[in-house]
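The file model_12.txt comes next; it holds compact mmCIF, N, CA and C atoms.
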```txt
# COMPACT_ATOMS: atom_id res chain seq x y z
N MET A 6 -105.48 -28.96 54.07
CA MET A 6 -106.47 -29.71 53.34
C MET A 6 -107.61 -28.76 52.97
N ALA A 7 -107.83 -28.57 51.69
CA ALA A 7 -108.86 -27.64 51.22
C ALA A 7 -110.19 -28.36 51.11
N THR A 8 -111.14 -27.95 51.93
CA THR A 8 -112.46 -28.59 51.88
C THR A 8 -113.44 -27.79 51.04
N ALA A 9 -113.15 -26.52 50.77
CA ALA A 9 -114.06 -25.71 49.96
C ALA A 9 -114.17 -26.26 48.55
N ALA A 10 -113.12 -26.92 48.09
CA ALA A 10 -113.13 -27.47 46.74
C ALA A 10 -113.46 -28.95 46.75
N SER A 11 -114.18 -29.41 47.76
CA SER A 11 -114.49 -30.83 47.87
C SER A 11 -115.47 -31.27 46.80
N LEU A 12 -115.31 -32.53 46.40
CA LEU A 12 -116.21 -33.14 45.44
C LEU A 12 -116.97 -34.25 46.14
N ASN A 13 -118.21 -34.47 45.74
CA ASN A 13 -118.97 -35.58 46.31
C ASN A 13 -118.56 -36.87 45.62
N VAL A 14 -118.33 -37.89 46.41
CA VAL A 14 -118.04 -39.22 45.88
C VAL A 14 -118.86 -40.22 46.67
N SER A 15 -118.88 -41.44 46.20
CA SER A 15 -119.67 -42.49 46.84
C SER A 15 -119.25 -42.70 48.28
N LEU A 16 -120.22 -42.94 49.15
CA LEU A 16 -119.90 -43.26 50.53
C LEU A 16 -119.19 -44.60 50.65
N ASP A 17 -119.32 -45.43 49.62
CA ASP A 17 -118.65 -46.72 49.62
C ASP A 17 -117.18 -46.60 49.22
N ALA A 18 -116.79 -45.46 48.71
CA ALA A 18 -115.40 -45.28 48.28
C ALA A 18 -114.48 -45.28 49.49
N PRO A 19 -113.31 -45.87 49.35
CA PRO A 19 -112.40 -45.94 50.49
C PRO A 19 -111.89 -44.58 50.95
N ILE A 20 -112.05 -43.55 50.11
CA ILE A 20 -111.56 -42.23 50.50
C ILE A 20 -112.61 -41.45 51.27
N GLY A 21 -113.81 -41.99 51.44
CA GLY A 21 -114.82 -41.34 52.26
C GLY A 21 -115.85 -40.59 51.44
N ALA A 22 -116.60 -39.73 52.12
CA ALA A 22 -117.74 -39.07 51.50
C ALA A 22 -117.34 -37.87 50.64
N THR A 23 -116.22 -37.27 50.89
CA THR A 23 -115.80 -36.12 50.09
C THR A 23 -114.36 -36.29 49.66
N LEU A 24 -114.03 -35.60 48.61
CA LEU A 24 -112.68 -35.61 48.07
C LEU A 24 -112.16 -34.19 48.16
N THR A 25 -111.05 -34.00 48.81
CA THR A 25 -110.49 -32.67 48.97
C THR A 25 -109.83 -32.22 47.68
N PHE A 26 -109.47 -30.96 47.62
CA PHE A 26 -108.76 -30.41 46.48
C PHE A 26 -107.46 -31.18 46.24
N ASP A 27 -106.72 -31.46 47.33
CA ASP A 27 -105.47 -32.20 47.18
C ASP A 27 -105.73 -33.62 46.68
N GLY A 28 -106.79 -34.23 47.15
CA GLY A 28 -107.16 -35.55 46.66
C GLY A 28 -107.53 -35.52 45.18
N ALA A 29 -108.25 -34.48 44.77
CA ALA A 29 -108.62 -34.34 43.37
C ALA A 29 -107.39 -34.15 42.49
N ARG A 30 -106.38 -33.47 43.01
CA ARG A 30 -105.14 -33.27 42.23
C ARG A 30 -104.46 -34.61 41.94
N ILE A 31 -104.55 -35.53 42.87
CA ILE A 31 -103.99 -36.87 42.63
C ILE A 31 -104.72 -37.54 41.48
N LEU A 32 -106.04 -37.39 41.47
CA LEU A 32 -106.85 -38.04 40.44
C LEU A 32 -106.67 -37.42 39.06
N THR A 33 -106.08 -36.25 38.99
CA THR A 33 -105.86 -35.61 37.70
C THR A 33 -104.37 -35.46 37.40
N GLY A 34 -103.53 -36.07 38.20
CA GLY A 34 -102.09 -35.93 38.04
C GLY A 34 -101.53 -36.79 36.91
N ALA A 35 -100.30 -36.48 36.57
CA ALA A 35 -99.62 -37.16 35.47
C ALA A 35 -99.43 -38.65 35.74
N ALA A 36 -99.18 -39.02 36.99
CA ALA A 36 -98.94 -40.44 37.30
C ALA A 36 -100.19 -41.28 36.99
N LEU A 37 -101.33 -40.85 37.50
CA LEU A 37 -102.55 -41.63 37.27
C LEU A 37 -102.94 -41.61 35.79
N ARG A 38 -102.76 -40.47 35.14
CA ARG A 38 -103.04 -40.41 33.69
C ARG A 38 -102.15 -41.40 32.94
N GLY A 39 -100.90 -41.51 33.35
CA GLY A 39 -99.98 -42.46 32.71
C GLY A 39 -100.40 -43.90 32.92
N ILE A 40 -100.83 -44.21 34.14
CA ILE A 40 -101.29 -45.58 34.44
C ILE A 40 -102.54 -45.91 33.64
N ILE A 41 -103.47 -44.98 33.58
CA ILE A 41 -104.69 -45.20 32.79
C ILE A 41 -104.35 -45.39 31.32
N ALA A 42 -103.47 -44.54 30.80
CA ALA A 42 -103.08 -44.65 29.39
C ALA A 42 -102.41 -45.99 29.11
N GLU A 43 -101.56 -46.44 30.01
CA GLU A 43 -100.88 -47.74 29.83
C GLU A 43 -101.88 -48.88 29.86
N ARG A 44 -102.83 -48.84 30.79
CA ARG A 44 -103.84 -49.91 30.85
C ARG A 44 -104.71 -49.90 29.60
N MET A 45 -105.06 -48.70 29.13
CA MET A 45 -105.85 -48.60 27.89
C MET A 45 -105.06 -49.16 26.71
N LYS A 46 -103.76 -48.90 26.66
CA LYS A 46 -102.91 -49.43 25.59
C LYS A 46 -102.89 -50.96 25.66
N GLN A 47 -102.78 -51.50 26.87
CA GLN A 47 -102.78 -52.96 27.03
C GLN A 47 -104.06 -53.56 26.46
N VAL A 48 -105.17 -52.90 26.71
CA VAL A 48 -106.47 -53.41 26.26
C VAL A 48 -106.68 -53.12 24.78
N ASP A 49 -106.58 -51.86 24.38
CA ASP A 49 -106.95 -51.45 23.02
C ASP A 49 -105.93 -51.84 21.96
N ARG A 50 -104.66 -51.71 22.26
CA ARG A 50 -103.64 -52.00 21.26
C ARG A 50 -103.21 -53.46 21.28
N HIS A 51 -103.16 -54.05 22.47
CA HIS A 51 -102.63 -55.41 22.59
C HIS A 51 -103.70 -56.46 22.88
N GLY A 52 -104.95 -56.04 23.03
CA GLY A 52 -106.05 -56.99 23.22
C GLY A 52 -106.06 -57.68 24.57
N ARG A 53 -105.44 -57.07 25.57
CA ARG A 53 -105.36 -57.68 26.90
C ARG A 53 -106.59 -57.30 27.73
N THR A 54 -107.73 -57.77 27.27
CA THR A 54 -109.00 -57.50 27.93
C THR A 54 -109.16 -58.43 29.14
N LEU A 55 -110.17 -58.16 29.93
CA LEU A 55 -110.46 -59.04 31.07
C LEU A 55 -110.72 -60.46 30.58
N ASP A 56 -111.50 -60.61 29.51
CA ASP A 56 -111.78 -61.95 28.98
C ASP A 56 -110.49 -62.64 28.57
N HIS A 57 -109.59 -61.91 27.92
CA HIS A 57 -108.29 -62.47 27.53
C HIS A 57 -107.51 -62.92 28.76
N ASP A 58 -107.45 -62.04 29.76
CA ASP A 58 -106.68 -62.35 30.96
C ASP A 58 -107.24 -63.56 31.69
N LEU A 59 -108.56 -63.66 31.76
CA LEU A 59 -109.19 -64.80 32.44
C LEU A 59 -108.94 -66.10 31.67
N ALA A 60 -108.97 -66.03 30.35
CA ALA A 60 -108.83 -67.23 29.53
C ALA A 60 -107.38 -67.65 29.32
N THR A 61 -106.45 -66.72 29.42
CA THR A 61 -105.08 -66.98 28.99
C THR A 61 -104.07 -67.09 30.12
N HIS A 62 -104.26 -66.35 31.18
CA HIS A 62 -103.23 -66.24 32.21
C HIS A 62 -103.61 -66.95 33.49
N TRP A 63 -102.60 -67.51 34.15
CA TRP A 63 -102.77 -68.01 35.50
C TRP A 63 -102.99 -66.83 36.42
N ARG A 64 -103.56 -67.07 37.58
CA ARG A 64 -103.86 -66.00 38.55
C ARG A 64 -102.61 -65.20 38.91
N HIS A 65 -101.47 -65.84 38.94
CA HIS A 65 -100.24 -65.17 39.39
C HIS A 65 -99.45 -64.50 38.27
N ASP A 66 -99.82 -64.70 37.02
CA ASP A 66 -99.03 -64.15 35.91
C ASP A 66 -98.95 -62.62 35.93
N LEU A 67 -100.08 -61.97 36.06
CA LEU A 67 -100.08 -60.50 36.02
C LEU A 67 -99.34 -59.88 37.20
N PRO A 68 -99.54 -60.38 38.44
CA PRO A 68 -98.74 -59.83 39.53
C PRO A 68 -97.23 -60.08 39.36
N LEU A 69 -96.87 -61.24 38.81
CA LEU A 69 -95.45 -61.51 38.57
C LEU A 69 -94.87 -60.56 37.53
N ALA A 70 -95.64 -60.31 36.47
CA ALA A 70 -95.16 -59.37 35.45
C ALA A 70 -95.01 -57.98 36.04
N ALA A 71 -95.96 -57.58 36.88
CA ALA A 71 -95.86 -56.29 37.56
C ALA A 71 -94.61 -56.24 38.42
N ALA A 72 -94.33 -57.32 39.15
CA ALA A 72 -93.14 -57.37 39.99
C ALA A 72 -91.87 -57.24 39.17
N SER A 73 -91.88 -57.82 37.98
CA SER A 73 -90.70 -57.72 37.11
C SER A 73 -90.42 -56.28 36.73
N TYR A 74 -91.47 -55.56 36.33
CA TYR A 74 -91.28 -54.14 35.96
C TYR A 74 -90.94 -53.31 37.19
N LEU A 75 -91.53 -53.63 38.33
CA LEU A 75 -91.20 -52.92 39.56
C LEU A 75 -89.74 -53.15 39.94
N ASN A 76 -89.29 -54.39 39.86
CA ASN A 76 -87.90 -54.70 40.16
C ASN A 76 -86.95 -53.99 39.20
N ALA A 77 -87.32 -53.91 37.93
CA ALA A 77 -86.48 -53.20 36.96
C ALA A 77 -86.38 -51.72 37.34
N ALA A 78 -87.49 -51.13 37.73
CA ALA A 78 -87.48 -49.72 38.13
C ALA A 78 -86.61 -49.51 39.36
N VAL A 79 -86.72 -50.40 40.33
CA VAL A 79 -85.89 -50.30 41.54
C VAL A 79 -84.41 -50.40 41.15
N ASP A 80 -84.09 -51.35 40.28
CA ASP A 80 -82.70 -51.47 39.82
C ASP A 80 -82.22 -50.17 39.18
N GLN A 81 -83.06 -49.61 38.32
CA GLN A 81 -82.68 -48.36 37.65
C GLN A 81 -82.50 -47.23 38.66
N LEU A 82 -83.40 -47.14 39.62
CA LEU A 82 -83.33 -46.06 40.60
C LEU A 82 -82.15 -46.20 41.55
N THR A 83 -81.62 -47.40 41.65
CA THR A 83 -80.45 -47.60 42.52
C THR A 83 -79.16 -47.74 41.71
N GLY A 84 -79.22 -47.35 40.44
CA GLY A 84 -78.01 -47.29 39.63
C GLY A 84 -77.65 -48.55 38.86
N LYS A 85 -78.48 -49.55 38.90
CA LYS A 85 -78.23 -50.78 38.13
C LYS A 85 -79.04 -50.72 36.84
N ASP A 86 -78.41 -50.32 35.78
CA ASP A 86 -79.13 -50.09 34.53
C ASP A 86 -79.18 -51.31 33.61
N ASP A 87 -78.67 -52.45 34.03
CA ASP A 87 -78.67 -53.63 33.18
C ASP A 87 -79.98 -54.38 33.34
N ILE A 88 -81.00 -53.90 32.65
CA ILE A 88 -82.33 -54.52 32.75
C ILE A 88 -82.81 -55.05 31.40
N ALA A 89 -81.86 -55.28 30.51
CA ALA A 89 -82.21 -55.72 29.16
C ALA A 89 -82.97 -57.05 29.16
N ALA A 90 -82.62 -57.93 30.08
CA ALA A 90 -83.30 -59.22 30.18
C ALA A 90 -84.23 -59.22 31.40
N ALA A 91 -85.36 -59.85 31.24
CA ALA A 91 -86.32 -59.95 32.34
C ALA A 91 -85.77 -60.87 33.42
N ASP A 92 -86.20 -60.64 34.65
CA ASP A 92 -85.85 -61.51 35.77
C ASP A 92 -86.52 -62.86 35.54
N GLN A 93 -85.73 -63.89 35.38
CA GLN A 93 -86.28 -65.22 35.09
C GLN A 93 -87.10 -65.78 36.24
N MET A 94 -86.92 -65.25 37.43
CA MET A 94 -87.68 -65.73 38.59
C MET A 94 -89.10 -65.16 38.61
N THR A 95 -89.30 -63.98 38.02
CA THR A 95 -90.62 -63.36 38.10
C THR A 95 -91.32 -63.19 36.76
N TRP A 96 -90.59 -63.04 35.67
CA TRP A 96 -91.24 -62.78 34.39
C TRP A 96 -91.98 -64.04 33.92
N PRO A 97 -93.31 -63.97 33.76
CA PRO A 97 -94.09 -65.17 33.49
C PRO A 97 -94.21 -65.54 32.01
N TRP A 98 -93.73 -64.68 31.11
CA TRP A 98 -93.97 -64.90 29.69
C TRP A 98 -92.67 -65.02 28.91
N ALA A 99 -92.81 -65.20 27.62
CA ALA A 99 -91.65 -65.32 26.74
C ALA A 99 -90.81 -64.04 26.79
N PRO A 100 -89.49 -64.18 26.64
CA PRO A 100 -88.60 -63.02 26.74
C PRO A 100 -88.93 -61.88 25.77
N GLU A 101 -89.47 -62.20 24.62
CA GLU A 101 -89.76 -61.13 23.65
C GLU A 101 -90.87 -60.19 24.10
N TRP A 102 -91.64 -60.60 25.11
CA TRP A 102 -92.68 -59.71 25.65
C TRP A 102 -92.13 -58.73 26.68
N TRP A 103 -90.89 -58.90 27.08
CA TRP A 103 -90.24 -58.00 28.05
C TRP A 103 -89.81 -56.73 27.33
N ARG A 104 -90.40 -55.60 27.73
CA ARG A 104 -90.11 -54.32 27.07
C ARG A 104 -89.86 -53.22 28.11
N PRO A 105 -88.72 -53.29 28.77
CA PRO A 105 -88.45 -52.27 29.78
C PRO A 105 -88.14 -50.92 29.14
N GLU A 106 -88.40 -49.88 29.91
CA GLU A 106 -88.09 -48.52 29.48
C GLU A 106 -87.35 -47.83 30.62
N ASP A 107 -87.59 -46.54 30.81
CA ASP A 107 -86.97 -45.85 31.94
C ASP A 107 -87.72 -46.19 33.22
N ALA A 108 -87.18 -45.78 34.37
CA ALA A 108 -87.76 -46.16 35.66
C ALA A 108 -89.22 -45.74 35.80
N ARG A 109 -89.53 -44.52 35.38
CA ARG A 109 -90.91 -44.04 35.51
C ARG A 109 -91.86 -44.89 34.67
N ALA A 110 -91.49 -45.15 33.43
CA ALA A 110 -92.34 -45.97 32.55
C ALA A 110 -92.49 -47.38 33.10
N ASN A 111 -91.44 -47.92 33.68
CA ASN A 111 -91.53 -49.26 34.26
C ASN A 111 -92.46 -49.28 35.48
N LEU A 112 -92.44 -48.20 36.28
CA LEU A 112 -93.38 -48.11 37.40
C LEU A 112 -94.82 -48.03 36.89
N ILE A 113 -95.04 -47.29 35.82
CA ILE A 113 -96.38 -47.18 35.24
C ILE A 113 -96.84 -48.53 34.69
N LYS A 114 -95.95 -49.24 34.00
CA LYS A 114 -96.32 -50.57 33.51
C LYS A 114 -96.67 -51.49 34.67
N ALA A 115 -95.87 -51.43 35.74
CA ALA A 115 -96.14 -52.27 36.91
C ALA A 115 -97.51 -51.95 37.49
N ALA A 116 -97.82 -50.67 37.63
CA ALA A 116 -99.11 -50.27 38.19
C ALA A 116 -100.27 -50.72 37.30
N ALA A 117 -100.12 -50.59 36.00
CA ALA A 117 -101.18 -51.01 35.08
C ALA A 117 -101.37 -52.53 35.14
N LEU A 118 -100.28 -53.27 35.30
CA LEU A 118 -100.40 -54.72 35.44
C LEU A 118 -101.05 -55.12 36.76
N VAL A 119 -100.77 -54.37 37.82
CA VAL A 119 -101.46 -54.61 39.10
C VAL A 119 -102.95 -54.37 38.92
N TRP A 120 -103.29 -53.29 38.24
CA TRP A 120 -104.70 -52.98 37.95
C TRP A 120 -105.34 -54.15 37.21
N ALA A 121 -104.66 -54.65 36.18
CA ALA A 121 -105.19 -55.78 35.41
C ALA A 121 -105.35 -57.01 36.30
N ALA A 122 -104.40 -57.23 37.20
CA ALA A 122 -104.48 -58.38 38.10
C ALA A 122 -105.69 -58.27 39.03
N ILE A 123 -105.94 -57.06 39.52
CA ILE A 123 -107.11 -56.85 40.38
C ILE A 123 -108.39 -57.05 39.59
N ASP A 124 -108.44 -56.51 38.37
CA ASP A 124 -109.61 -56.73 37.52
C ASP A 124 -109.83 -58.22 37.26
N ARG A 125 -108.74 -58.96 37.07
CA ARG A 125 -108.85 -60.40 36.83
C ARG A 125 -109.44 -61.10 38.05
N LEU A 126 -108.96 -60.75 39.24
CA LEU A 126 -109.53 -61.34 40.46
C LEU A 126 -111.00 -60.99 40.61
N ASP A 127 -111.34 -59.72 40.35
CA ASP A 127 -112.74 -59.31 40.41
C ASP A 127 -113.57 -60.05 39.37
N GLY A 128 -113.00 -60.26 38.19
CA GLY A 128 -113.69 -61.01 37.14
C GLY A 128 -113.93 -62.45 37.52
N GLU A 129 -112.93 -63.05 38.18
CA GLU A 129 -113.10 -64.41 38.69
C GLU A 129 -114.24 -64.46 39.70
N ALA A 130 -114.23 -63.51 40.63
CA ALA A 130 -115.27 -63.47 41.66
C ALA A 130 -116.64 -63.27 41.04
N ALA A 131 -116.74 -62.39 40.06
CA ALA A 131 -118.02 -62.16 39.40
C ALA A 131 -118.48 -63.42 38.68
N GLY A 132 -117.55 -64.14 38.06
CA GLY A 132 -117.88 -65.39 37.39
C GLY A 132 -118.37 -66.43 38.37
N GLU A 133 -117.74 -66.51 39.53
CA GLU A 133 -118.17 -67.44 40.56
C GLU A 133 -119.59 -67.09 41.04
N MET A 134 -119.84 -65.81 41.25
CA MET A 134 -121.17 -65.38 41.70
C MET A 134 -122.21 -65.69 40.63
N ALA A 135 -121.87 -65.51 39.35
CA ALA A 135 -122.82 -65.79 38.27
C ALA A 135 -123.17 -67.27 38.25
N ARG A 136 -122.16 -68.13 38.49
CA ARG A 136 -122.42 -69.58 38.49
C ARG A 136 -123.28 -69.97 39.70
N ILE A 137 -123.08 -69.33 40.83
CA ILE A 137 -123.85 -69.63 42.04
C ILE A 137 -125.32 -69.26 41.85
N HIS A 138 -125.59 -68.16 41.15
CA HIS A 138 -126.94 -67.64 41.02
C HIS A 138 -127.68 -68.18 39.80
N VAL A 139 -127.12 -69.14 39.10
CA VAL A 139 -127.78 -69.70 37.92
C VAL A 139 -128.73 -70.79 38.35
```
Taking this structure as input, can you express it in the form of structure tokens?
Amino acid sequence: MATAASLNVSLDAPIGATLTFDGARILTGAALRGIIAERMKQVDRHGRTLDHDLATHWRHDLPLAAASYLNAAVDQLTGKDDIAAADQMTWPWAPEWWRPEDARANLIKAAALVWAAIDRLDGEAAGEMARIHV
């Protein structure tokens, strides 16, 4: 663990007061860049903003969609390549919104949808706090 290349981060951050060189490499790695790019695409290209998610989706929709892409990736990684149709048990939307790709891309989509789901929960909580303080 390289501490000479440590970066200062918030004490409230779950990773602690400093970020090691190895930790910083995670934050600049291809996986996280892919997840960020996918989430930005969801928002900028498809209009899936927090306001949209709060107004349009049930609380469980985004986690279920993430599970669908995660399940597709697991199927692909275990040699089951028949993922053309979404899992009817988990996919919350119309079939035409199901757009699987390769295993890596499906993992990235799943992670971005988990991110959106967390943002939606945080948005709900912020809305509740705003109503309490009015």
>> Just want the 8 Å neighbourhood of segment 51-62 of chain A, counted on all atoms listed in the file, with same-chain residues fewer than 5 positions away dropped. Output as a list of chain:residue names.
In response: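 These residues fall inside the cut-off: A:Arg44, A:Met45, A:Lys46, A:Leu67, A:Ala121, A:Asp124, A:Arg125, A:Leu126, A:Gly128, A:Glu129.
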> What residues in chain A get the DSSP label strand (DSSP E or B)? Please answer as a PyMOL selection string.
Replying inline: chain A and resi 12-13+23-24
>> I want to know what sits within 7 Å of Ile40 of chain A, based on all atoms listed in the file, with residues of the same chain fewer than 6 positions away left out; could you give that as a list in words?
In response: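 Surrounding residues, per the criterion: Ile113, Lys114, Ala116 and Ala117 of chain A.
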>> Going by DSSP on the backbone, which residues of segment 6-111 of chain A come out as helix (DSSP H, G or I)? List them as a ChimeraX atom specification.
In response: /A:26-32,35-49,55-61,66-82,100-102,108-111
Generate the output file for the selected residues, N, CA and C atoms, as a compact mmCIF listing (two decimals), in the coordinates of the input.
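So out_5.txt came out as:
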```txt
# COMPACT_ATOMS: atom_id res chain seq x y z
N PHE A 26 -109.47 -30.96 47.62
CA PHE A 26 -108.76 -30.41 46.48
C PHE A 26 -107.46 -31.18 46.24
N ASP A 27 -106.72 -31.46 47.33
CA ASP A 27 -105.47 -32.20 47.18
C ASP A 27 -105.73 -33.62 46.68
N GLY A 28 -106.79 -34.23 47.15
CA GLY A 28 -107.16 -35.55 46.66
C GLY A 28 -107.53 -35.52 45.18
N ALA A 29 -108.25 -34.48 44.77
CA ALA A 29 -108.62 -34.34 43.37
C ALA A 29 -107.39 -34.15 42.49
N ARG A 30 -106.38 -33.47 43.01
CA ARG A 30 -105.14 -33.27 42.23
C ARG A 30 -104.46 -34.61 41.94
N ILE A 31 -104.55 -35.53 42.87
CA ILE A 31 -103.99 -36.87 42.63
C ILE A 31 -104.72 -37.54 41.48
N LEU A 32 -106.04 -37.39 41.47
CA LEU A 32 -106.85 -38.04 40.44
C LEU A 32 -106.67 -37.42 39.06
N ALA A 35 -100.30 -36.48 36.57
CA ALA A 35 -99.62 -37.16 35.47
C ALA A 35 -99.43 -38.65 35.74
N ALA A 36 -99.18 -39.02 36.99
CA ALA A 36 -98.94 -40.44 37.30
C ALA A 36 -100.19 -41.28 36.99
N LEU A 37 -101.33 -40.85 37.50
CA LEU A 37 -102.55 -41.63 37.27
C LEU A 37 -102.94 -41.61 35.79
N ARG A 38 -102.76 -40.47 35.14
CA ARG A 38 -103.04 -40.41 33.69
C ARG A 38 -102.15 -41.40 32.94
N GLY A 39 -100.90 -41.51 33.35
CA GLY A 39 -99.98 -42.46 32.71
C GLY A 39 -100.40 -43.90 32.92
N ILE A 40 -100.83 -44.21 34.14
CA ILE A 40 -101.29 -45.58 34.44
C ILE A 40 -102.54 -45.91 33.64
N ILE A 41 -103.47 -44.98 33.58
CA ILE A 41 -104.69 -45.20 32.79
C ILE A 41 -104.35 -45.39 31.32
N ALA A 42 -103.47 -44.54 30.80
CA ALA A 42 -103.08 -44.65 29.39
C ALA A 42 -102.41 -45.99 29.11
N GLU A 43 -101.56 -46.44 30.01
CA GLU A 43 -100.88 -47.74 29.83
C GLU A 43 -101.88 -48.88 29.86
N ARG A 44 -102.83 -48.84 30.79
CA ARG A 44 -103.84 -49.91 30.85
C ARG A 44 -104.71 -49.90 29.60
N MET A 45 -105.06 -48.70 29.13
CA MET A 45 -105.85 -48.60 27.89
C MET A 45 -105.06 -49.16 26.71
N LYS A 46 -103.76 -48.90 26.66
CA LYS A 46 -102.91 -49.43 25.59
C LYS A 46 -102.89 -50.96 25.66
N GLN A 47 -102.78 -51.50 26.87
CA GLN A 47 -102.78 -52.96 27.03
C GLN A 47 -104.06 -53.56 26.46
N VAL A 48 -105.17 -52.90 26.71
CA VAL A 48 -106.47 -53.41 26.26
C VAL A 48 -106.68 -53.12 24.78
N ASP A 49 -106.58 -51.86 24.38
CA ASP A 49 -106.95 -51.45 23.02
C ASP A 49 -105.93 -51.84 21.96
N LEU A 55 -110.17 -58.16 29.93
CA LEU A 55 -110.46 -59.04 31.07
C LEU A 55 -110.72 -60.46 30.58
N ASP A 56 -111.50 -60.61 29.51
CA ASP A 56 -111.78 -61.95 28.98
C ASP A 56 -110.49 -62.64 28.57
N HIS A 57 -109.59 -61.91 27.92
CA HIS A 57 -108.29 -62.47 27.53
C HIS A 57 -107.51 -62.92 28.76
N ASP A 58 -107.45 -62.04 29.76
CA ASP A 58 -106.68 -62.35 30.96
C ASP A 58 -107.24 -63.56 31.69
N LEU A 59 -108.56 -63.66 31.76
CA LEU A 59 -109.19 -64.80 32.44
C LEU A 59 -108.94 -66.10 31.67
N ALA A 60 -108.97 -66.03 30.35
CA ALA A 60 -108.83 -67.23 29.53
C ALA A 60 -107.38 -67.65 29.32
N THR A 61 -106.45 -66.72 29.42
CA THR A 61 -105.08 -66.98 28.99
C THR A 61 -104.07 -67.09 30.12
N ASP A 66 -99.82 -64.70 37.02
CA ASP A 66 -99.03 -64.15 35.91
C ASP A 66 -98.95 -62.62 35.93
N LEU A 67 -100.08 -61.97 36.06
CA LEU A 67 -100.08 -60.50 36.02
C LEU A 67 -99.34 -59.88 37.20
N PRO A 68 -99.54 -60.38 38.44
CA PRO A 68 -98.74 -59.83 39.53
C PRO A 68 -97.23 -60.08 39.36
N LEU A 69 -96.87 -61.24 38.81
CA LEU A 69 -95.45 -61.51 38.57
C LEU A 69 -94.87 -60.56 37.53
N ALA A 70 -95.64 -60.31 36.47
CA ALA A 70 -95.16 -59.37 35.45
C ALA A 70 -95.01 -57.98 36.04
N ALA A 71 -95.96 -57.58 36.88
CA ALA A 71 -95.86 -56.29 37.56
C ALA A 71 -94.61 -56.24 38.42
N ALA A 72 -94.33 -57.32 39.15
CA ALA A 72 -93.14 -57.37 39.99
C ALA A 72 -91.87 -57.24 39.17
N SER A 73 -91.88 -57.82 37.98
CA SER A 73 -90.70 -57.72 37.11
C SER A 73 -90.42 -56.28 36.73
N TYR A 74 -91.47 -55.56 36.33
CA TYR A 74 -91.28 -54.14 35.96
C TYR A 74 -90.94 -53.31 37.19
N LEU A 75 -91.53 -53.63 38.33
CA LEU A 75 -91.20 -52.92 39.56
C LEU A 75 -89.74 -53.15 39.94
N ASN A 76 -89.29 -54.39 39.86
CA ASN A 76 -87.90 -54.70 40.16
C ASN A 76 -86.95 -53.99 39.20
N ALA A 77 -87.32 -53.91 37.93
CA ALA A 77 -86.48 -53.20 36.96
C ALA A 77 -86.38 -51.72 37.34
N ALA A 78 -87.49 -51.13 37.73
CA ALA A 78 -87.48 -49.72 38.13
C ALA A 78 -86.61 -49.51 39.36
N VAL A 79 -86.72 -50.40 40.33
CA VAL A 79 -85.89 -50.30 41.54
C VAL A 79 -84.41 -50.40 41.15
N ASP A 80 -84.09 -51.35 40.28
CA ASP A 80 -82.70 -51.47 39.82
C ASP A 80 -82.22 -50.17 39.18
N GLN A 81 -83.06 -49.61 38.32
CA GLN A 81 -82.68 -48.36 37.65
C GLN A 81 -82.50 -47.23 38.66
N LEU A 82 -83.40 -47.14 39.62
CA LEU A 82 -83.33 -46.06 40.60
C LEU A 82 -82.15 -46.20 41.55
N PRO A 100 -89.49 -64.18 26.64
CA PRO A 100 -88.60 -63.02 26.74
C PRO A 100 -88.93 -61.88 25.77
N GLU A 101 -89.47 -62.20 24.62
CA GLU A 101 -89.76 -61.13 23.65
C GLU A 101 -90.87 -60.19 24.10
N TRP A 102 -91.64 -60.60 25.11
CA TRP A 102 -92.68 -59.71 25.65
C TRP A 102 -92.13 -58.73 26.68
N ALA A 108 -87.18 -45.78 34.37
CA ALA A 108 -87.76 -46.16 35.66
C ALA A 108 -89.22 -45.74 35.80
N ARG A 109 -89.53 -44.52 35.38
CA ARG A 109 -90.91 -44.04 35.51
C ARG A 109 -91.86 -44.89 34.67
N ALA A 110 -91.49 -45.15 33.43
CA ALA A 110 -92.34 -45.97 32.55
C ALA A 110 -92.49 -47.38 33.10
N ASN A 111 -91.44 -47.92 33.68
CA ASN A 111 -91.53 -49.26 34.26
C ASN A 111 -92.46 -49.28 35.48
```
> So what do you get for atom CA of Asp107 of chain A versus atom C of Ala29 of chain A, distance-wise?
Replying inline: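 A separation of 25.8 Å between them.
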> Hey, can you check how far atom CA of Ala70 of chain A sits from atom CA of Arg104 of chain A?
Replying inline: 11.0 Å
> Mind pulling up the distance from atom C of Ala72 of chain A to atom N of Pro100 of chain A?
Replying inline: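 Computing it gives 14.5 Å between the two atoms.
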> Given the choices A:Ile41, A:Leu32, A:Ala130, A:Ala122, which gets closest to Asp66 of chain A if the distance is worked out from all atoms listed in the file?
Replying inline: A:Ala122
As JSON, please: the centre and edge lengths in Å, to one decimal, of an axis-aligned box enclosing every listed atom of segment 111-126 of chain A with 5 Å added on each side.
```
{"center_x": -101.2, "center_y": -54.3, "center_z": 37.1, "size_x": 29.6, "size_y": 24.2, "size_z": 17.1}
```
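Considering the residues A:Ala77, A:Ala71, A:Ala89, A:Ile123 and counting only N, CA and C atoms, Ala108 of chain A has its shortest atom-to-atom contact with A:Ala77.
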